[in-house]
$ cat target10.cif   # mmCIF, C-alpha atoms
data_entry
loop_
_atom_site.label_atom_id
_atom_site.label_comp_id
_atom_site.auth_asym_id
_atom_site.auth_seq_id
_atom_site.Cartn_x
_atom_site.Cartn_y
_atom_site.Cartn_z
CA MET A 229 10.88 -54.32 -2.38
CA ILE A 230 11.70 -54.62 1.32
CA THR A 231 11.02 -58.05 2.79
CA LYS A 232 11.17 -59.30 6.37
CA GLY A 233 14.70 -59.56 7.66
CA VAL A 234 16.17 -57.40 4.91
CA PHE A 235 17.49 -53.93 5.65
CA LYS A 236 16.31 -50.91 3.73
CA PRO A 237 18.48 -50.24 0.69
CA ILE A 238 20.87 -47.30 0.67
CA LEU A 239 19.69 -44.32 -1.35
CA SER A 240 22.12 -43.80 -4.20
CA ILE A 241 22.26 -42.58 -7.79
CA PRO A 242 22.25 -46.16 -9.21
CA GLU A 243 19.21 -46.92 -7.04
CA ILE A 244 17.39 -43.89 -8.49
CA GLY A 245 18.77 -44.24 -11.99
CA LYS A 246 21.35 -41.93 -13.49
CA PHE A 247 18.99 -40.43 -16.08
CA LYS A 248 16.18 -39.91 -13.59
CA PHE A 249 18.60 -38.40 -11.07
CA TRP A 250 19.83 -35.69 -13.43
CA ALA A 251 16.35 -35.18 -14.89
CA GLY A 252 15.06 -34.52 -11.36
CA ILE A 253 17.87 -32.03 -10.70
CA ILE A 254 17.12 -30.12 -13.91
CA VAL A 255 13.38 -30.12 -13.25
CA GLY A 256 14.03 -28.86 -9.72
CA ILE A 257 16.22 -25.97 -10.86
CA LEU A 258 13.76 -24.91 -13.56
CA ALA A 259 10.85 -25.16 -11.10
CA THR A 260 12.75 -22.99 -8.61
CA VAL A 261 12.98 -20.20 -11.17
CA VAL A 262 9.32 -20.56 -12.16
CA PHE A 263 8.04 -20.60 -8.57
CA PHE A 264 10.24 -17.68 -7.55
CA LEU A 265 9.03 -15.54 -10.45
CA PHE A 266 5.43 -16.61 -9.79
CA PHE A 267 5.54 -15.55 -6.14
CA ASN A 268 7.22 -12.22 -6.87
CA TYR A 269 5.00 -11.24 -9.78
CA SER A 270 1.94 -12.27 -7.78
CA ARG A 271 3.02 -9.87 -5.06
CA GLU A 272 3.47 -7.07 -7.61
CA THR A 273 0.02 -7.83 -9.02
CA LEU A 274 -1.53 -7.50 -5.57
CA ARG A 275 0.33 -4.22 -5.05
CA SER A 276 -1.05 -2.91 -8.34
CA ILE A 277 -4.57 -3.84 -7.19
CA SER A 278 -4.12 -1.72 -4.05
CA ALA A 279 -3.14 1.36 -6.08
CA GLY A 280 -5.50 0.65 -8.96
CA ASN A 281 -8.54 0.95 -6.69
CA GLY A 282 -7.71 4.55 -5.78
CA HIS A 283 -5.92 3.60 -2.56
CA ASP A 284 -2.34 4.00 -1.48
CA LEU A 285 0.19 1.73 -3.10
CA TYR A 286 1.27 -1.07 -0.78
CA LEU A 287 4.81 -0.15 0.14
CA LEU A 288 7.32 -1.71 2.50
CA PRO A 289 10.83 -0.65 3.47
CA ASN A 290 13.42 -2.08 1.11
CA LYS A 291 14.72 -4.32 3.92
CA GLU A 292 11.32 -5.97 4.34
CA PHE A 293 10.94 -6.42 0.58
CA ARG A 294 14.30 -8.20 0.50
CA GLN A 295 13.25 -10.41 3.41
CA LEU A 296 10.17 -11.44 1.45
CA ASP A 297 12.33 -12.13 -1.60
CA LEU A 298 14.57 -14.38 0.50
CA PHE A 299 11.54 -16.21 1.88
CA PHE A 300 10.16 -16.73 -1.64
CA ALA A 301 13.56 -18.04 -2.76
CA PHE A 302 13.71 -20.67 0.01
CA LEU A 303 10.03 -21.58 -0.43
CA SER A 304 10.49 -22.00 -4.19
CA THR A 305 13.57 -24.19 -3.80
CA THR A 306 11.92 -26.34 -1.14
CA LEU A 307 8.85 -26.87 -3.31
CA SER A 308 11.14 -27.77 -6.19
CA LEU A 309 12.68 -30.47 -3.98
CA GLY A 310 9.24 -32.10 -3.97
CA LEU A 311 9.16 -32.10 -7.78
CA THR A 312 12.66 -33.51 -7.86
CA GLN A 313 11.61 -36.39 -5.61
CA PHE A 314 8.57 -36.95 -7.79
CA VAL A 315 10.84 -37.48 -10.82
CA TRP A 316 13.24 -39.66 -8.85
CA PHE A 317 10.73 -42.05 -7.34
CA THR A 318 8.04 -42.29 -10.00
CA SER A 319 8.13 -45.89 -11.21
CA PRO A 320 6.89 -46.94 -14.66
CA ARG A 321 3.94 -49.31 -14.60
CA ARG A 322 5.07 -52.85 -15.37
CA GLN A 323 2.83 -55.85 -15.40
CA GLY A 324 3.85 -58.65 -13.08
CA THR A 325 5.84 -56.49 -10.65
CA ARG A 326 4.95 -56.05 -7.01
CA LYS A 327 3.69 -52.64 -6.01
CA ASP A 328 6.16 -50.48 -4.09
CA TYR A 329 3.86 -48.65 -1.68
CA PHE A 330 6.68 -46.63 -0.14
CA ARG A 331 7.59 -45.14 -3.51
CA LYS A 332 3.95 -44.28 -4.10
CA LEU A 333 3.89 -42.68 -0.66
CA ILE A 334 6.88 -40.51 -1.58
CA VAL A 335 5.24 -39.40 -4.82
CA CYS A 336 1.86 -38.69 -3.16
CA ASN A 337 3.57 -36.81 -0.36
CA SER A 338 5.41 -34.62 -2.88
CA TRP A 339 2.22 -33.78 -4.75
CA LEU A 340 0.27 -33.20 -1.54
CA TYR A 341 2.52 -30.56 -0.02
CA LEU A 342 3.26 -28.99 -3.39
CA PHE A 343 -0.41 -28.39 -4.17
CA VAL A 344 -1.36 -27.50 -0.59
CA ILE A 345 1.23 -24.70 -0.49
CA LEU A 346 0.29 -23.44 -3.95
CA MET A 347 -3.41 -23.42 -3.02
CA VAL A 348 -2.69 -21.58 0.22
CA VAL A 349 -0.62 -18.99 -1.66
CA SER A 350 -3.20 -18.58 -4.43
CA ARG A 351 -6.20 -18.41 -2.09
CA LEU A 352 -5.09 -16.97 1.23
CA GLY A 353 -2.26 -15.04 -0.41
CA SER A 354 -4.55 -13.33 -2.92
CA VAL A 355 -8.08 -13.08 -1.51
CA LEU A 356 -7.00 -11.78 1.91
CA PRO A 357 -4.69 -9.03 0.58
CA ILE A 358 -7.24 -7.97 -2.05
CA ILE A 359 -9.78 -7.43 0.74
CA LEU A 360 -7.33 -5.69 3.05
CA TYR A 361 -5.57 -3.48 0.50
CA THR A 362 -8.86 -2.06 -0.76
CA ILE A 363 -10.24 -1.14 2.66
CA ASP A 364 -10.22 2.56 3.53
CA GLY A 365 -7.93 3.04 6.52
CA TYR A 366 -5.81 -0.07 6.01
CA ASP A 367 -2.33 0.86 7.20
CA ASN A 368 -0.39 -2.39 6.92
CA HIS A 369 -1.98 -3.69 10.11
CA LEU A 370 -1.36 -7.31 9.09
CA ASN A 371 2.40 -7.37 8.59
CA PHE A 372 3.72 -10.94 8.35
CA ILE A 373 7.34 -9.81 8.44
CA ARG A 374 6.85 -7.75 11.58
CA ASP A 375 4.30 -9.90 13.45
CA PHE A 376 4.86 -13.44 12.10
CA SER A 377 8.51 -13.42 11.05
CA ILE A 378 9.03 -16.88 12.56
CA LEU A 379 6.76 -18.30 9.83
CA LEU A 380 9.29 -17.24 7.21
CA ILE A 381 11.67 -19.79 8.72
CA ILE A 382 9.22 -22.46 9.86
CA ILE A 383 7.36 -22.96 6.56
CA PRO A 384 10.38 -23.83 4.33
CA SER A 385 11.93 -25.90 7.15
CA PHE A 386 8.71 -27.83 7.70
CA LEU A 387 8.34 -28.58 3.98
CA PHE A 388 11.95 -29.73 3.72
CA ILE A 389 11.50 -32.18 6.60
CA GLN A 390 8.14 -33.42 5.32
CA PHE A 391 9.57 -34.17 1.89
CA TRP A 392 12.27 -36.40 3.39
CA ILE A 393 10.18 -38.29 5.98
CA PRO A 394 8.61 -40.83 3.52
CA VAL A 395 11.98 -41.22 1.75
CA ARG A 396 13.54 -42.36 5.02
CA LEU A 397 10.80 -44.96 5.39
CA ARG A 398 11.97 -46.55 2.14
CA TYR A 399 15.73 -45.90 2.09
CA ARG A 400 18.70 -45.37 4.31
CA THR A 401 19.52 -41.79 3.37
CA HIS A 402 22.87 -41.41 5.19
CA GLY A 403 24.15 -37.92 4.17
CA TRP A 404 21.53 -37.17 1.53
CA ILE A 405 19.42 -34.99 3.81
CA PHE A 406 22.37 -32.89 4.92
CA LEU A 407 23.66 -32.59 1.36
CA SER A 408 20.24 -31.67 -0.02
CA GLY A 409 19.92 -29.05 2.72
CA LEU A 410 23.18 -27.45 1.57
CA ILE A 411 22.05 -27.56 -2.06
CA VAL A 412 18.65 -26.05 -1.23
CA THR A 413 20.34 -23.26 0.73
CA THR A 414 22.84 -22.59 -2.06
CA VAL A 415 20.25 -22.58 -4.84
CA SER A 416 17.97 -20.33 -2.73
CA LEU A 417 20.73 -17.79 -2.15
CA ILE A 418 21.71 -17.85 -5.83
CA SER A 419 18.07 -17.29 -6.84
CA PHE A 420 17.76 -14.50 -4.30
CA LYS A 421 20.83 -12.73 -5.69
CA ALA A 422 20.49 -13.52 -9.41
CA ILE A 423 16.73 -13.15 -10.00
CA THR A 424 15.40 -9.68 -9.26
CA ILE A 425 12.00 -8.11 -9.81
CA ASP A 426 11.98 -4.45 -10.80
CA ARG A 427 9.59 -2.93 -8.27
CA SER A 428 10.40 0.56 -9.54
CA ILE A 429 8.09 0.08 -12.54
CA LEU A 430 4.99 0.02 -10.36
CA ASN A 431 6.40 2.52 -7.86
CA ASP A 432 7.28 5.05 -10.56
CA ALA A 433 3.86 4.73 -12.20
CA TYR A 434 2.13 5.32 -8.86
CA PHE A 435 4.28 8.27 -7.80
CA HIS A 436 3.92 9.79 -11.26
CA SER A 437 0.14 9.81 -10.76
CA ILE A 438 0.56 11.72 -7.48
CA SER A 439 3.65 13.72 -8.46
CA GLN A 440 1.94 17.09 -8.00
CA GLU A 441 0.87 16.18 -4.47
CA MET A 442 4.30 14.85 -3.52
CA GLU A 443 6.06 17.91 -4.95
CA HIS A 444 3.81 20.14 -2.89
CA VAL A 445 4.62 18.21 0.29
CA ASP A 446 8.35 18.49 -0.38
CA LYS A 447 8.01 22.20 -1.17
CA GLU A 448 6.17 22.96 2.07
CA ILE A 449 8.51 20.85 4.18
CA ALA A 450 11.48 22.70 2.63
CA PHE A 451 9.72 25.99 3.51
CA LEU A 452 9.47 24.91 7.15
CA ASP A 453 13.13 23.88 7.14
CA GLU A 454 14.06 27.39 6.03
CA LYS A 455 12.13 28.74 9.02
CA GLY A 456 13.98 26.39 11.36
CA ILE A 457 10.96 24.13 11.97
CA GLU A 458 11.51 20.38 11.70
CA ILE A 459 8.81 17.79 11.09
CA ASN A 460 9.63 14.17 11.91
CA GLU A 461 9.73 11.51 9.22
CA GLN A 462 6.64 9.73 10.56
CA THR A 463 4.53 12.86 10.11
CA ILE A 464 5.90 13.45 6.61
CA ASP A 465 5.05 9.85 5.74
CA LYS A 466 1.47 10.41 6.95
CA LEU A 467 1.22 13.57 4.85
CA LYS A 468 2.26 11.59 1.76
CA LYS A 469 -0.46 8.98 2.29
CA PHE A 470 -4.12 9.39 1.48
CA HIS A 471 -6.29 6.48 2.63
CA THR A 472 -4.50 5.01 5.64
CA GLU A 473 -5.55 5.13 9.27
CA SER A 474 -2.53 7.26 10.19
CA SER A 475 -3.35 9.75 7.43
CA TYR A 476 -6.98 10.03 8.57
CA SER A 477 -5.86 10.49 12.18
CA LEU A 478 -3.46 13.28 11.22
CA THR A 479 -6.19 15.01 9.19
CA THR A 480 -8.52 14.95 12.20
CA GLU A 481 -5.81 16.15 14.61
CA VAL A 482 -4.93 19.11 12.40
CA GLN A 483 -8.60 20.00 11.95
CA ASN A 484 -9.18 19.93 15.71
CA ALA A 485 -6.16 22.17 16.30
CA PHE A 486 -8.02 25.08 14.69
CA SER A 487 -10.88 24.80 17.18
CA ARG A 488 -8.71 26.30 19.91
CA SER A 489 -9.01 29.98 20.77
CA SER A 490 -5.23 30.48 20.70
CA ARG A 491 -2.94 30.88 17.72
CA VAL A 492 -2.16 27.78 15.69
CA SER A 493 1.53 27.11 15.08
CA LEU A 494 3.02 27.63 11.64
CA ASP A 495 3.78 23.93 11.14
CA THR A 496 0.11 23.08 11.84
CA ILE A 497 -1.01 25.71 9.34
CA ILE A 498 1.36 24.26 6.72
CA MET A 499 0.09 20.73 7.39
CA GLN A 500 -3.50 21.93 6.96
CA LYS A 501 -2.48 23.64 3.75
CA ILE A 502 -0.90 20.39 2.49
CA ILE A 503 -4.02 18.42 3.39
CA VAL A 504 -6.22 20.88 1.51
CA HIS A 505 -3.93 20.97 -1.54
CA ASN A 506 -3.61 17.17 -1.68
CA LEU A 507 -7.41 16.85 -1.62
CA LYS A 508 -7.60 14.56 1.37
CA ARG A 509 -10.95 13.68 2.87
CA LYS A 510 -12.55 11.32 5.32
CA PRO A 511 -13.46 7.81 4.15
CA PRO A 512 -17.07 7.26 3.05
CA PHE A 513 -18.03 5.26 6.15
CA TYR A 514 -17.31 8.37 8.28
CA TRP A 515 -19.69 10.58 6.32
CA GLN A 516 -22.71 11.99 8.12
CA LYS A 517 -26.04 12.06 6.30
CA GLY A 518 -27.93 14.13 8.85
CA GLU A 519 -25.32 16.79 9.66
CA LYS A 520 -23.44 17.02 6.39
CA ASP A 521 -21.13 19.81 7.50
CA LYS A 522 -19.39 17.28 9.75
CA ASN A 523 -18.06 15.67 6.58
CA TRP A 524 -15.82 18.72 6.14
CA CYS A 525 -12.38 17.51 7.20
CA TYR A 526 -10.52 20.86 7.21
CA ALA A 527 -10.59 23.93 9.41
CA GLN A 528 -13.94 25.71 9.31
CA PRO A 529 -14.02 29.02 7.38
CA GLU A 530 -14.77 30.99 10.57
CA GLN A 531 -11.82 29.34 12.31
CA ILE A 532 -9.46 30.35 9.51
CA TYR A 533 -10.83 33.90 9.65
CA HIS A 534 -10.38 33.90 13.43
CA GLN A 535 -6.73 32.85 13.05
CA ILE A 536 -6.11 35.60 10.48
CA MET A 537 -7.58 38.25 12.77
CA MET A 538 -5.19 37.25 15.57
CA TYR A 539 -2.35 38.89 13.63
CA ASP A 540 -1.97 42.66 13.33
CA ASP A 541 0.26 42.43 10.27
CA PRO A 542 -1.53 41.33 7.06
CA ASP A 543 1.87 40.39 5.65
CA ALA A 544 2.71 37.96 8.45
CA ILE A 545 3.88 34.54 7.27
CA GLU A 546 1.01 32.79 9.04
CA VAL A 547 -1.55 35.12 7.48
CA LYS A 548 -0.21 34.53 3.98
CA GLN A 549 -0.36 30.78 4.48
CA LEU A 550 -3.92 30.95 5.80
CA ILE A 551 -5.00 33.06 2.82
CA ASP A 552 -3.30 30.60 0.48
CA MET A 553 -5.40 27.89 2.11
CA LEU A 554 -8.59 29.87 1.48
CA TYR A 555 -7.50 30.46 -2.11
CA LYS A 556 -7.02 26.72 -2.70
CA ILE A 557 -10.47 25.95 -1.36
CA SER A 558 -11.95 28.66 -3.59
CA SER A 559 -10.12 27.24 -6.60
CA ILE A 560 -11.66 23.83 -5.97
CA ILE A 561 -15.16 25.26 -5.53
CA ALA A 562 -14.82 27.34 -8.72
CA PHE A 563 -13.18 24.55 -10.71
CA PRO A 564 -14.79 24.53 -14.19
CA GLU A 565 -17.01 21.69 -15.28
CA ARG A 566 -15.45 18.85 -17.20
CA ASN A 567 -15.33 19.05 -20.96
CA PHE A 568 -15.73 15.45 -22.07
CA GLU A 569 -14.41 16.31 -25.53
CA LYS A 570 -11.06 17.22 -23.97
CA MET A 571 -10.84 14.45 -21.39
CA ASP A 572 -7.35 13.43 -22.52
CA GLN A 573 -6.07 16.93 -21.71
CA TYR A 574 -6.89 16.69 -18.01
CA SER A 575 -4.09 15.79 -15.64
CA SER A 576 -4.53 13.28 -12.85
CA TYR A 577 -4.62 16.08 -10.30
CA GLU A 578 -7.30 17.97 -12.24
CA TRP A 579 -9.52 14.87 -12.22
CA LYS A 580 -9.05 14.69 -8.45
CA MET A 581 -9.97 18.37 -8.14
CA TRP A 582 -13.22 17.73 -9.99
CA ARG A 583 -14.04 14.80 -7.71
CA MET A 584 -13.23 16.93 -4.65
CA GLN A 585 -15.50 19.70 -5.97
CA PHE A 586 -18.25 17.08 -6.28
CA PHE A 587 -17.54 16.09 -2.67
CA TYR A 588 -17.75 19.71 -1.51
CA LEU A 589 -21.10 20.25 -3.21
CA ARG A 590 -22.76 16.90 -2.40
CA SER A 591 -21.37 15.99 1.02
CA THR A 592 -21.50 19.35 2.80
CA GLU A 593 -24.37 21.75 3.38
CA SER A 594 -23.37 25.25 4.50
CA VAL A 595 -19.57 25.27 4.50
CA ILE A 596 -19.31 26.83 1.05
CA SER A 597 -21.68 29.68 1.93
CA ARG A 598 -19.65 30.44 5.03
CA HIS A 599 -16.44 30.24 3.02
CA ILE A 600 -17.81 32.81 0.53
CA GLN A 601 -18.70 35.18 3.38
CA VAL A 602 -15.19 34.89 4.86
CA VAL A 603 -13.57 35.66 1.51
CA GLU A 604 -15.85 38.64 0.86
CA LYS A 605 -15.24 39.96 4.37
CA LEU A 606 -11.46 39.85 3.94
CA LYS A 607 -11.79 41.76 0.67
CA THR A 608 -13.31 44.68 2.57
CA ILE A 609 -10.61 44.87 5.26
CA PRO A 610 -7.72 47.26 4.44
CA GLY A 611 -4.43 45.44 4.07
CA TYR A 612 -5.99 42.18 2.96
CA SER A 613 -7.57 43.26 -0.32
CA ASP A 614 -4.22 42.99 -2.14
CA HIS A 615 -4.03 39.33 -1.16
CA MET A 616 -7.62 38.65 -2.27
CA ASP A 617 -7.50 39.94 -5.84
CA ARG A 618 -6.43 36.56 -7.22
CA PHE A 619 -9.43 34.72 -5.75
CA PRO A 620 -11.89 33.35 -8.33
CA LYS A 621 -15.44 34.66 -8.19
CA ILE A 622 -17.93 32.16 -6.81
CA ASN A 623 -21.63 32.57 -7.60
CA PHE A 624 -23.52 30.73 -4.87
CA ASP A 625 -26.67 30.46 -7.02
CA ASP A 626 -24.74 28.31 -9.51
CA LEU A 627 -23.79 25.69 -6.93
CA GLY A 628 -27.11 23.84 -6.94
CA LYS A 629 -29.89 23.24 -4.45
CA ARG A 630 -27.89 20.95 -2.19
CA GLN A 631 -26.06 23.93 -0.67
CA LYS A 632 -27.73 26.16 1.91
CA TRP A 633 -26.86 29.77 2.65
CA VAL A 634 -26.21 30.27 6.36
CA GLU A 635 -25.43 33.78 7.58
CA ILE A 636 -22.52 34.11 10.00
CA ASP A 637 -21.52 37.10 12.11
CA LEU A 638 -17.85 37.71 11.39
CA ASN A 639 -17.82 41.06 13.21
CA SER A 640 -17.93 39.25 16.51
CA VAL A 641 -14.86 37.27 15.48
CA ASP A 642 -12.89 40.48 14.95
#
$ encode --input "target10.cif" --output "structure tokens"
Amino acid sequence: MITKGVFKPILSIPEIGKFKFWAGIIVGILATVVFFLFFNYSRETLRSISAGNGHDLYLLPNKEFRQLDLFFAFLSTTLSLGLTQFVWFTSPRRQGTRKDYFRKLIVCNSWLYLFVILMVVSRLGSVLPIILYTIDGYDNHLNFIRDFSILLIIIPSFLFIQFWIPVRLRYRTHGWIFLSGLIVTTVSLISFKAITIDRSILNDAYFHSISQEMEHVDKEIAFLDEKGIEINEQTIDKLKKFHTESSYSLTTEVQNAFSRSSRVSLDTIIMQKIIVHNLKRKPPFYWQKGEKDKNWCYAQPEQIYHQIMMYDDPDAIEVKQLIDMLYKISSIIAFPERNFEKMDQYSSYEWKMWRMQFFYLRSTESVISRHIQVVEKLKTIPGYSDHMDRFPKINFDDLGKRQKWVEIDLNSVD
């Protein structure tokens, strides 16, 4: 115990106790591994929640994932330093001895920051992402690596300093702080390199569930490459997403492109075809209850017909792509009802087609009737009938009372 006129003792292994010193080191190393695995698996759990709720899987570039891994490694090692100090400076209760308040301060300080950080991670680090990842339109708006990268350095540094402040009130540390800083850095880098989390397990499971959609995107992009048309990587990334703000914006932009009176470019037609095939739609909070046809997020049937009539050659590439788009919409409308006795035989994409058919029938009003009229009109035009033979037959009377038949004058479009 420090008394008046006596200098603080020098921190040393004999002062701590040889057994307690090595016990603290071992506890610290084991805690580093446990904390590092806890942080990484917690992140993977949150990512699985984002995909498990029917939304896009939370993905970051590999560089940003590695930056997070490095941050978790330093945070885990710094927290383990607090446990190490707890083992070092915990004194056994002995009757008749004076209380060492500085030692108790060191122990309380270690527990305080250890539990505060763990509570912040478990509360703020779980509740906030769960809310954000399950919101329609969330597009990684809150990116700590991009917007708050300084925190990745400040938090471990702050903890390291805070763990040593009460120790310096009790002991003369000399080179212990510098040496512990080197050890923390070394152990963090070793953990970062030696302990890896296989993110491909979750990624592969997610991309397997959307494999048909991704294959279609790659196929159409390859088709455009053959025609000498390039689409930038940002647009391709938007096409491969489903429930992000950028994906919704692209869907709206492509839909609006068909409202022009001029020809739509081939790349726009292909993007609309991808959007239709991948069963994209607007989020529920955009749906209109009064004017249900506004819920339709693709080109209107009359607009597609108008684009087809702009070409004199029925075998033009653009015409074939537009007819393929009409065929896909018809296939969804005519998709057979589910057979619950054969539920295990349905693919993930077929389940999505059934849900999209439900959306067509319940969330629109006259689009399907206009689509039927466009298809039947094309069947009567010479040169197009050969392309229309594969179309499934749609009986409007079987679609239910929610749909309304609205006559359209397609002769004026010609």
$ residues_around --input "target10.cif" --residues "Trp339 of chain A" --least-positions-apart "3" --cutoff "8 Å" --atoms "all atoms listed in the file" --output "PyMOL selection string"
chain A and resi 310-311+314+335-336+342-343
$ closest_residue --input "target10.cif" --among "A:Phe451, A:Trp582, A:Phe388, A:Phe470" --to "Asp495 of chain A" --atoms "all atoms listed in the file"
A:Phe451
$ resolve_selection --input "target10.cif" --expression "the PyMOL selection byres ((chain A and resi 330) around 12)" --output "list in words"
Met229, Ile230, Lys236, Phe317, Thr318, Ser319, Arg326, Lys327, Asp328, Tyr329, Arg331, Lys332, Leu333, Ile334, Val335, Cys336, Asn337, Ile393, Pro394, Val395, Arg396, Leu397, Arg398 and Tyr399 of chain A
$ closest_residue --input "target10.cif" --among "A:Glu448, A:Glu473, A:Asp465, A:Asp284" --to "His369 of chain A" --atoms "only C-alpha atoms"
A:Glu473
$ residues_around --input "target10.cif" --residues "Val415 of chain A" --least-positions-apart "5" --cutoff "12 Å" --atoms "only C-alpha atoms" --output "number ranges by chain"
A: 253, 256-261, 264, 298, 301-306, 308-309, 408-410, 420-423
